[in-house]
file start.cif (mmCIF, C-alpha atoms and all ligand atoms)
data_run
loop_
_atom_site.label_atom_id
_atom_site.label_comp_id
_atom_site.auth_asym_id
_atom_site.auth_seq_id
_atom_site.Cartn_x
_atom_site.Cartn_y
_atom_site.Cartn_z
CA MET A 1 1.69 -36.94 -5.03
CA ARG A 2 0.55 -33.36 -5.33
CA LYS A 3 3.21 -30.69 -5.05
CA VAL A 4 2.34 -27.31 -3.54
CA MET A 5 4.28 -24.15 -4.32
CA VAL A 6 3.59 -21.02 -2.27
CA ALA A 7 4.89 -17.70 -3.60
CA LYS A 8 7.42 -16.09 -1.27
CA THR A 9 5.94 -12.70 -2.05
CA ALA A 10 2.35 -13.80 -1.35
CA GLY A 11 0.37 -11.60 1.01
CA PHE A 12 1.53 -8.64 3.07
CA CYS A 13 4.37 -6.56 1.73
CA PHE A 14 7.12 -5.59 4.15
CA GLY A 15 5.55 -2.21 5.04
CA VAL A 16 2.09 -3.56 5.80
CA ARG A 17 3.44 -6.51 7.80
CA ARG A 18 5.52 -4.14 9.88
CA ALA A 19 2.51 -1.87 10.52
CA VAL A 20 0.19 -4.72 11.55
CA GLU A 21 2.90 -6.13 13.84
CA LYS A 22 3.35 -2.76 15.49
CA VAL A 23 -0.35 -2.64 16.41
CA TYR A 24 -0.26 -6.18 17.84
CA GLU A 25 2.86 -5.23 19.82
CA GLN A 26 0.94 -2.36 21.42
CA VAL A 27 -1.89 -4.73 22.31
CA LYS A 28 0.58 -7.18 23.81
CA GLU A 29 2.17 -4.48 25.89
CA GLY A 30 -1.28 -3.80 27.33
CA LYS A 31 -1.46 -0.24 26.04
CA HIS A 32 -4.88 1.28 26.32
CA PRO A 33 -6.67 2.88 24.51
CA ILE A 34 -5.15 2.22 21.09
CA TYR A 35 -6.29 3.90 17.90
CA THR A 36 -5.19 3.51 14.31
CA TYR A 37 -5.47 6.53 12.04
CA GLY A 38 -7.53 4.84 9.32
CA PRO A 39 -7.82 1.04 9.10
CA ILE A 40 -4.33 -0.46 9.48
CA ILE A 41 -4.96 -2.69 6.47
CA HIS A 42 -7.77 -3.32 3.95
CA ASN A 43 -8.71 -6.62 5.47
CA GLU A 44 -11.88 -6.83 7.51
CA THR A 45 -10.84 -9.96 9.41
CA VAL A 46 -7.67 -8.33 10.72
CA VAL A 47 -9.41 -5.06 11.56
CA GLU A 48 -12.21 -6.94 13.39
CA ASP A 49 -9.72 -9.04 15.31
CA LEU A 50 -7.94 -5.90 16.41
CA GLU A 51 -11.25 -4.30 17.36
CA LYS A 52 -11.96 -7.25 19.65
CA LYS A 53 -8.62 -6.58 21.26
CA GLY A 54 -9.64 -2.99 21.90
CA VAL A 55 -8.07 -1.24 18.91
CA GLN A 56 -10.34 1.43 17.50
CA VAL A 57 -10.13 3.04 14.08
CA ILE A 58 -10.37 6.79 13.84
CA GLN A 59 -11.30 8.05 10.41
CA THR A 60 -11.17 11.79 10.54
CA ARG A 61 -9.22 14.72 11.81
CA HIS A 62 -12.27 15.64 13.88
CA GLU A 63 -12.17 12.28 15.69
CA LEU A 64 -8.49 12.84 16.40
CA GLU A 65 -9.28 16.21 17.96
CA GLU A 66 -11.66 14.53 20.39
CA LEU A 67 -9.06 12.16 21.81
CA THR A 68 -7.65 13.05 25.19
CA GLU A 69 -5.37 10.06 25.87
CA GLY A 70 -3.96 6.89 24.39
CA THR A 71 -1.81 5.67 21.52
CA VAL A 72 -2.33 6.57 17.89
CA VAL A 73 -0.74 4.32 15.27
CA ILE A 74 -0.01 5.81 11.86
CA ARG A 75 -0.46 3.14 9.19
CA SER A 76 1.95 2.26 6.38
CA HIS A 77 0.44 4.86 3.98
CA GLY A 78 1.69 7.64 6.25
CA VAL A 79 -0.03 10.95 6.96
CA GLU A 80 0.41 14.69 6.48
CA LYS A 81 2.95 16.40 8.73
CA GLU A 82 0.14 18.39 10.31
CA ILE A 83 -1.46 15.20 11.69
CA TYR A 84 1.86 14.10 13.21
CA ASP A 85 2.29 17.46 14.87
CA ARG A 86 -1.26 17.44 16.17
CA ILE A 87 -0.89 14.00 17.76
CA LEU A 88 2.26 15.16 19.54
CA GLN A 89 0.76 18.49 20.58
CA LYS A 90 -2.13 16.64 22.13
CA ASN A 91 0.36 14.59 24.16
CA LEU A 92 -0.88 11.34 22.70
CA ASN A 93 1.53 8.46 22.28
CA LEU A 94 2.54 8.32 18.60
CA ILE A 95 3.53 5.03 16.99
CA ASP A 96 4.71 5.68 13.49
CA ALA A 97 4.22 2.65 11.27
CA THR A 98 4.66 4.64 8.05
CA CYS A 99 6.43 2.38 5.58
CA PRO A 100 10.09 3.45 5.36
CA TYR A 101 9.69 3.73 1.58
CA VAL A 102 6.86 6.22 2.03
CA LYS A 103 8.80 8.02 4.76
CA LYS A 104 11.61 8.47 2.26
CA ILE A 105 9.21 10.31 -0.07
CA HIS A 106 8.07 12.55 2.79
CA LYS A 107 11.71 13.49 3.42
CA ILE A 108 12.39 14.21 -0.26
CA VAL A 109 9.26 16.36 -0.56
CA GLU A 110 10.04 18.26 2.61
CA ARG A 111 13.66 18.88 1.62
CA GLU A 112 13.07 19.78 -2.02
CA SER A 113 10.14 22.06 -1.30
CA GLN A 114 12.22 23.76 1.38
CA LYS A 115 14.82 24.46 -1.31
CA GLY A 116 12.06 26.10 -3.32
CA SER A 117 11.27 23.34 -5.80
CA LYS A 118 7.79 22.81 -7.14
CA ILE A 119 6.58 19.33 -6.12
CA VAL A 120 4.70 17.13 -8.57
CA ILE A 121 3.33 13.78 -7.36
CA ILE A 122 2.45 11.16 -9.94
CA GLY A 123 -0.41 9.27 -8.33
CA ASN A 124 -4.06 9.13 -7.41
CA PRO A 125 -5.03 12.37 -5.62
CA GLU A 126 -7.70 10.55 -3.59
CA HIS A 127 -5.28 7.98 -2.20
CA PRO A 128 -4.36 8.52 1.47
CA GLU A 129 -0.68 7.94 0.70
CA VAL A 130 -0.71 10.78 -1.84
CA GLN A 131 -2.59 13.06 0.51
CA GLY A 132 -0.01 12.29 3.18
CA ILE A 133 2.93 13.01 0.85
CA LYS A 134 1.30 16.28 -0.19
CA GLY A 135 1.19 17.33 3.43
CA TRP A 136 5.00 17.32 3.75
CA SER A 137 5.53 19.98 1.13
CA LYS A 138 6.19 23.58 2.10
CA THR A 139 4.87 24.79 -1.26
CA PRO A 140 1.71 24.00 -3.27
CA VAL A 141 1.76 20.55 -4.86
CA THR A 142 0.35 19.30 -8.17
CA VAL A 143 -0.87 15.71 -8.39
CA ILE A 144 -0.91 14.16 -11.87
CA GLU A 145 -2.65 10.89 -12.58
CA SER A 146 -3.50 10.89 -16.29
CA GLU A 147 -1.86 11.74 -19.61
CA GLU A 148 -4.40 14.49 -20.07
CA GLU A 149 -3.37 16.10 -16.77
CA ALA A 150 0.30 15.78 -17.72
CA GLU A 151 -0.38 17.52 -21.05
CA LYS A 152 -2.23 20.33 -19.31
CA PHE A 153 0.39 20.86 -16.63
CA GLN A 154 2.08 24.24 -16.74
CA HIS A 155 4.75 25.69 -14.54
CA SER A 156 5.16 29.43 -14.48
CA GLY A 157 8.08 29.81 -12.06
CA GLU A 158 11.82 29.63 -12.72
CA ASN A 159 12.31 27.10 -9.97
CA GLN A 160 13.03 23.44 -10.42
CA ILE A 161 10.28 20.82 -10.54
CA CYS A 162 10.73 17.73 -8.39
CA ILE A 163 8.68 14.74 -9.52
CA VAL A 164 8.00 11.84 -7.16
CA SER A 165 5.60 8.93 -7.41
CA GLN A 166 3.00 7.16 -5.29
CA THR A 167 4.67 3.89 -4.26
CA THR A 168 2.09 1.64 -5.92
CA PHE A 169 1.85 3.53 -9.22
CA ASN A 170 2.31 1.60 -12.44
CA TYR A 171 5.89 1.91 -13.67
CA ASN A 172 5.13 2.21 -17.40
CA LYS A 173 2.45 4.80 -16.76
CA PHE A 174 4.83 6.77 -14.55
CA ASN A 175 7.43 6.84 -17.34
CA LYS A 176 4.84 7.94 -19.86
CA LEU A 177 3.65 10.82 -17.68
CA VAL A 178 7.23 11.92 -16.93
CA GLU A 179 7.98 11.86 -20.65
CA ILE A 180 5.04 14.17 -21.38
CA ILE A 181 6.11 16.61 -18.66
CA SER A 182 9.76 16.47 -19.76
CA LYS A 183 8.85 17.63 -23.26
CA LYS A 184 7.89 20.97 -21.78
CA ARG A 185 11.58 21.67 -21.15
CA TYR A 186 11.29 22.73 -17.55
CA ASP A 187 14.14 22.18 -15.13
CA ILE A 188 13.13 18.82 -13.72
CA ILE A 189 14.44 16.22 -11.31
CA VAL A 190 12.68 12.89 -11.36
CA LEU A 191 12.79 10.55 -8.39
CA ASN A 192 11.21 7.23 -9.12
CA THR A 193 9.79 6.29 -5.74
CA ILE A 194 7.71 3.33 -6.93
CA CYS A 195 8.01 0.36 -4.58
CA SER A 196 8.93 -2.92 -6.22
CA ALA A 197 6.88 -5.11 -3.83
CA THR A 198 3.80 -5.19 -6.08
CA GLU A 199 5.76 -5.90 -9.22
CA GLU A 200 7.77 -8.64 -7.55
CA ARG A 201 4.58 -10.28 -6.30
CA GLN A 202 3.12 -10.19 -9.82
CA THR A 203 6.24 -11.52 -11.51
CA GLU A 204 6.57 -14.40 -9.07
CA ALA A 205 2.84 -15.25 -9.38
CA GLY A 206 3.17 -15.44 -13.18
CA LYS A 207 6.26 -17.66 -12.95
CA ILE A 208 4.61 -20.10 -10.55
CA ALA A 209 1.36 -20.15 -12.56
CA ALA A 210 3.35 -21.01 -15.68
CA GLN A 211 4.61 -24.19 -13.98
CA ALA A 212 1.45 -25.09 -12.08
CA ASP A 213 -1.41 -27.38 -13.08
CA CYS A 214 -3.72 -25.40 -10.83
CA MET A 215 -3.26 -21.97 -9.32
CA ILE A 216 -4.99 -20.45 -6.31
CA VAL A 217 -5.11 -16.71 -5.79
CA ILE A 218 -6.26 -15.59 -2.34
CA GLY A 219 -7.56 -12.11 -1.63
CA GLY A 220 -10.51 -9.81 -0.98
CA LYS A 221 -13.25 -9.57 -3.58
CA HIS A 222 -12.70 -5.85 -4.02
CA SER A 223 -8.93 -5.90 -3.83
CA SER A 224 -7.65 -4.53 -7.14
CA ASN A 225 -4.15 -5.94 -6.65
CA THR A 226 -5.62 -9.44 -6.13
CA GLN A 227 -7.72 -9.10 -9.28
CA LYS A 228 -4.58 -8.17 -11.17
CA LEU A 229 -2.79 -11.23 -9.74
CA PHE A 230 -5.69 -13.38 -10.84
CA GLU A 231 -5.52 -12.03 -14.42
CA ILE A 232 -1.77 -12.64 -14.59
CA CYS A 233 -2.12 -16.21 -13.30
CA LYS A 234 -5.13 -17.02 -15.48
CA LYS A 235 -3.10 -16.10 -18.56
CA GLU A 236 -0.45 -18.64 -17.60
CA CYS A 237 -2.68 -21.32 -16.10
CA GLU A 238 -6.24 -21.96 -17.24
CA ASN A 239 -7.08 -23.67 -13.93
CA THR A 240 -6.79 -20.56 -11.77
CA TYR A 241 -9.17 -20.02 -8.82
CA TYR A 242 -9.87 -16.79 -6.94
CA ILE A 243 -10.78 -17.41 -3.30
CA GLN A 244 -11.23 -15.14 -0.29
CA THR A 245 -10.80 -17.68 2.48
CA LEU A 246 -10.33 -21.41 2.94
CA ASP A 247 -14.14 -21.84 2.86
CA ASP A 248 -14.20 -20.91 -0.82
CA LEU A 249 -11.73 -23.62 -1.74
CA ASP A 250 -13.30 -26.60 -3.44
CA ALA A 251 -10.74 -29.29 -2.69
CA THR A 252 -12.36 -31.63 -5.22
CA SER A 253 -11.33 -29.30 -8.03
CA LEU A 254 -7.64 -29.73 -7.18
CA PRO A 255 -5.68 -32.10 -9.38
CA SER A 256 -4.61 -35.26 -7.53
CA MET A 257 -1.21 -35.16 -9.19
CA GLY A 258 1.00 -32.35 -10.41
CA CYS A 259 1.61 -28.94 -8.95
CA VAL A 260 -0.70 -26.48 -7.17
CA GLY A 261 0.57 -22.91 -6.95
CA ILE A 262 -0.59 -20.41 -4.34
CA THR A 263 -0.27 -16.65 -4.21
CA ALA A 264 -2.16 -13.93 -2.35
CA GLY A 265 -2.97 -10.24 -2.58
CA ALA A 266 -1.28 -7.59 -0.47
CA SER A 267 -3.86 -7.63 2.34
CA THR A 268 -4.08 -11.36 2.88
CA PRO A 269 -2.75 -12.44 6.28
CA ASN A 270 -0.28 -15.28 6.52
CA ASN A 271 -2.56 -17.57 8.51
CA ILE A 272 -5.06 -17.71 5.62
CA ILE A 273 -2.27 -18.56 3.17
CA GLU A 274 -1.04 -21.29 5.53
CA GLU A 275 -4.52 -22.76 5.96
CA VAL A 276 -4.97 -22.99 2.19
CA GLN A 277 -1.50 -24.48 1.83
CA LYS A 278 -2.27 -27.16 4.42
CA LYS A 279 -5.55 -28.03 2.77
CA CYS A 280 -3.81 -28.45 -0.59
CA GLN A 281 -1.18 -30.70 0.94
CA ILE A 282 -3.72 -33.22 2.22
FE1 LIG A 301 4.31 -2.03 0.94
FE2 LIG A 301 5.80 -0.06 1.68
FE3 LIG A 301 5.95 -0.97 -0.72
S1 LIG A 301 3.73 -0.43 2.31
S2 LIG A 301 3.93 -1.70 -1.21
S3 LIG A 301 6.53 -2.06 1.09
S4 LIG A 301 5.94 1.14 -0.11
#

call {"tool": "encode", "arguments": {"input": "start.cif", "output": "structure tokens", "more": "lines below"}}
Ligand code: F3S
result
Amino acid sequence: MRKVMVAKTAGFCFGVRRAVEKVYEQVKEGKHPIYTYGPIIHNETVVEDLEKKGVQVIQTRHELEELTEGTVVIRSHGVEKEIYDRILQKNLNLIDATCPYVKKIHKIVERESQKGSKIVIIGNPEHPEVQGIKGWSKTPVTVIESEEEAEKFQHSGENQICIVSQTTFNYNKFNKLVEIISKKRYDIIVLNTICSATEERQTEAGKIAAQADCMIVIGGKHSSNTQKLFEICKKECENTYYIQTLDDLDATSLPSMGCVGITAGASTPNNIIEEVQKKCQI
């Protein structure tokens, strides 16, 4: 008999699941038209399915300006305060699916900048989550992503520096960058706002792979978090396969005995994980 172990943390994290569910709820309630501000998730199948159900993606501020009615869903990454305000000013129906962990950072940044602190975000300046966080500060923000940028960082004011992090930033790298900034002897408060969902998914994947005879990692080709999962699993289990959907699974390569482990990247919907699980159980 073949045993199949599916990681509990496989697939959507709590924030993304909540956001996707909120959009489907709107569809179910028959709301029309529905827009998401940016794709709700980096998964084409889900976005296409929603499109078929009448949910359109708006990509830019300009497109938002052109809307005259309907519901706008803010995805889990969150947005700048200005976008919130604009949606409300335009009398559109706002559904806020910002992940509560990201929302918490918005609140910190708003509060601390109001008190006069200088805000520093450790993260990727191009990432929509970071751009959103930036937009809650009342004062100019510095985004630091590399050691070089941390070394170069200078603060001329007397005020305190408040450091927060992008939720998906690497923990060790965050510590390293904070250490570099701390050496400058400014008055600093550090709030580690990294979300543990990614780390938990990786730890569990490694544990399962260590016990499995064959490991399957499901996720998009370009998904960096899935690639990372694959690397972790491959280290523990030589027989690790990277698949995007059930079609990529070669059932003949599965061992007839022993244990098959399954995990999935952050944008993989549950139904794909279940399909793969079923196939492995046959
Ligand atoms: Fe997901 Fe929210 Fe964490 S979107 S990765 S649970 S910050």

call {"tool": "atom_distance", "arguments": {"input": "start.cif", "atom1": "atom CA of Leu64 of chain A", "atom2": "atom CA of His77 of chain A"}}
result
17.3 Å

call {"tool": "closest_residue", "arguments": {"input": "start.cif", "among": "A:Cys214, A:Glu80, A:Asn159, A:Leu88", "to": "Ile133 of chain A", "atoms": "all atoms listed in the file"}}
result
A:Glu80

call {"tool": "residues_near_ligand", "arguments": {"input": "start.cif", "ligand": "ligand LIG 301 (chain A)", "cutoff": "8 Å", "atoms": "only C-alpha atoms and all ligand atoms", "output": "list of chain:residue names"}}
result
A:Phe12, A:Cys13, A:Phe14, A:Gly15, A:Val16, A:Ser76, A:His77, A:Thr98, A:Cys99, A:Pro100, A:Tyr101, A:Val102, A:Thr167, A:Thr168, A:Ile194, A:Cys195, A:Ser196, A:Ala197, A:Thr198, A:Ala266

call {"tool": "residues_around", "arguments": {"input": "start.cif", "residues": "Glu199 of chain A", "least_positions_apart": "4", "cutoff": "12 Å", "atoms": "all atoms listed in the file", "output": "list of chain:residue names"}}
result
A:Thr9, A:Ala10, A:Cys13, A:Thr167, A:Thr168, A:Phe169, A:Asn170, A:Tyr171, A:Asn172, A:Ile194, A:Cys195, A:Thr203, A:Glu204, A:Ala205, A:Gly206, A:Asn225, A:Lys228, A:Leu229, A:Ile232, A:Gly265, A:Ala266

call {"tool": "closest_atom_pairs", "arguments": {"input": "start.cif", "of": "segment 72-175 of chain A", "to": "segment 29-51 of chain A", "cutoff": "7 Å", "atoms": "only C-alpha atoms", "output": "Markdown table"}}
result
| residue | atom | partner | partner_atom | distance |
| --- | --- | --- | --- | --- |
| A:Val72 | CA | A:Tyr35 | CA | 4.8 |
| A:Val73 | CA | A:Thr36 | CA | 4.6 |
| A:Ile74 | CA | A:Tyr37 | CA | 5.5 |
| A:Arg75 | CA | A:Ile40 | CA | 5.3 |

call {"tool": "residues_around", "arguments": {"input": "start.cif", "residues": "Glu65 of chain A", "least_positions_apart": "6", "cutoff": "12 Å", "atoms": "all atoms listed in the file", "output": "PyMOL selection string"}}
result
chain A and resi 37+58-59+72+83+86-92

call {"tool": "atom_distance", "arguments": {"input": "start.cif", "atom1": "atom CA of Gly219 of chain A", "atom2": "atom CA of Cys259 of chain A"}}
result
20.5 Å

call {"tool": "residues_near_point", "arguments": {"input": "start.cif", "point": "(-8.6, 9.4, -13.9)", "cutoff": "10 Å", "atoms": "all atoms listed in the file", "output": "MDAnalysis selection string"}}
result
chainID A and resid 123:125 144:149

call {"tool": "closest_residue", "arguments": {"input": "start.cif", "among": "A:Val164, A:Ala150, A:Ile273, A:Leu254", "to": "Ser182 of chain A", "atoms": "all atoms listed in the file"}}
result
A:Ala150

call {"tool": "residues_around", "arguments": {"input": "start.cif", "residues": "Ile119 of chain A", "least_positions_apart": "3", "cutoff": "8 Å", "atoms": "only C-alpha atoms", "output": "PDB file with C-alpha atoms, in the coordinates of the input"}}
result
ATOM      1  CA  VAL A 109       9.260  16.360  -0.560  1.00  0.00           C
ATOM      2  CA  GLU A 112      13.070  19.780  -2.020  1.00  0.00           C
ATOM      3  CA  SER A 113      10.140  22.060  -1.300  1.00  0.00           C
ATOM      4  CA  SER A 137       5.530  19.980   1.130  1.00  0.00           C
ATOM      5  CA  THR A 139       4.870  24.790  -1.260  1.00  0.00           C
ATOM      6  CA  PRO A 140       1.710  24.000  -3.270  1.00  0.00           C
ATOM      7  CA  VAL A 141       1.760  20.550  -4.860  1.00  0.00           C
ATOM      8  CA  THR A 142       0.350  19.300  -8.170  1.00  0.00           C
ATOM      9  CA  ILE A 161      10.280  20.820 -10.540  1.00  0.00           C
ATOM     10  CA  CYS A 162      10.730  17.730  -8.390  1.00  0.00           C
ATOM     11  CA  ILE A 163       8.680  14.740  -9.520  1.00  0.00           C
ATOM     12  CA  VAL A 164       8.000  11.840  -7.160  1.00  0.00           C
TER      13      VAL A 164
END

call {"tool": "residues_near_point", "arguments": {"input": "start.cif", "point": "(2.6, -26.9, -6.6)", "cutoff": "9 Å", "atoms": "all atoms listed in the file", "output": "list in words"}}
result
Arg2, Lys3, Val4, Met5, Val6, Ile208, Gln211, Ala212, Asp213, Cys214, Met215, Gly258, Cys259, Val260, Gly261, Ile262 and Cys280 of chain A

call {"tool": "write_last_selection", "arguments": {"input": "start.cif", "atoms": "C-alpha atoms", "output": "PDB file, in the coordinates of the input"}}
result
ATOM      1  CA  ARG A   2       0.550 -33.360  -5.330  1.00  0.00           C
ATOM      2  CA  LYS A   3       3.210 -30.690  -5.050  1.00  0.00           C
ATOM      3  CA  VAL A   4       2.340 -27.310  -3.540  1.00  0.00           C
ATOM      4  CA  MET A   5       4.280 -24.150  -4.320  1.00  0.00           C
ATOM      5  CA  VAL A   6       3.590 -21.020  -2.270  1.00  0.00           C
ATOM      6  CA  ILE A 208       4.610 -20.100 -10.550  1.00  0.00           C
ATOM      7  CA  GLN A 211       4.610 -24.190 -13.980  1.00  0.00           C
ATOM      8  CA  ALA A 212       1.450 -25.090 -12.080  1.00  0.00           C
ATOM      9  CA  ASP A 213      -1.410 -27.380 -13.080  1.00  0.00           C
ATOM     10  CA  CYS A 214      -3.720 -25.400 -10.830  1.00  0.00           C
ATOM     11  CA  MET A 215      -3.260 -21.970  -9.320  1.00  0.00           C
ATOM     12  CA  GLY A 258       1.000 -32.350 -10.410  1.00  0.00           C
ATOM     13  CA  CYS A 259       1.610 -28.940  -8.950  1.00  0.00           C
ATOM     14  CA  VAL A 260      -0.700 -26.480  -7.170  1.00  0.00           C
ATOM     15  CA  GLY A 261       0.570 -22.910  -6.950  1.00  0.00           C
ATOM     16  CA  ILE A 262      -0.590 -20.410  -4.340  1.00  0.00           C
ATOM     17  CA  CYS A 280      -3.810 -28.450  -0.590  1.00  0.00           C
TER      18      CYS A 280
END

call {"tool": "closest_residue", "arguments": {"input": "start.cif", "among": "A:Ala97, A:Gly78, A:Met1, A:Asn270", "to": "Gln131 of chain A", "atoms": "all atoms listed in the file"}}
result
A:Gly78

call {"tool": "atom_distance", "arguments": {"input": "start.cif", "atom1": "atom CA of Asp96 of chain A", "atom2": "atom CA of Ser165 of chain A"}}
result
21.2 Å

call {"tool": "residues_around", "arguments": {"input": "start.cif", "residues": "segment 238-244 of chain A", "least_positions_apart": "3", "cutoff": "8 Å", "atoms": "all atoms listed in the file", "output": "ChimeraX atom specification"}}
result
/A:213-221,230,233-235,247-249

call {"tool": "residues_around", "arguments": {"input": "start.cif", "residues": "Ser156 of chain A", "least_positions_apart": "5", "cutoff": "12 Å", "atoms": "all atoms listed in the file", "output": "PyMOL selection string"}}
result
chain A and resi 118+161+184+186-187

call {"tool": "closest_residue", "arguments": {"input": "start.cif", "among": "A:Gln281, A:Gln56, A:Thr193, A:Ser267", "to": "Lys103 of chain A", "atoms": "all atoms listed in the file"}}
result
A:Thr193

call {"tool": "closest_residue", "arguments": {"input": "start.cif", "among": "A:His127, A:Ser223, A:Gly132, A:Val120", "to": "His106 of chain A", "atoms": "only C-alpha atoms"}}
result
A:Gly132
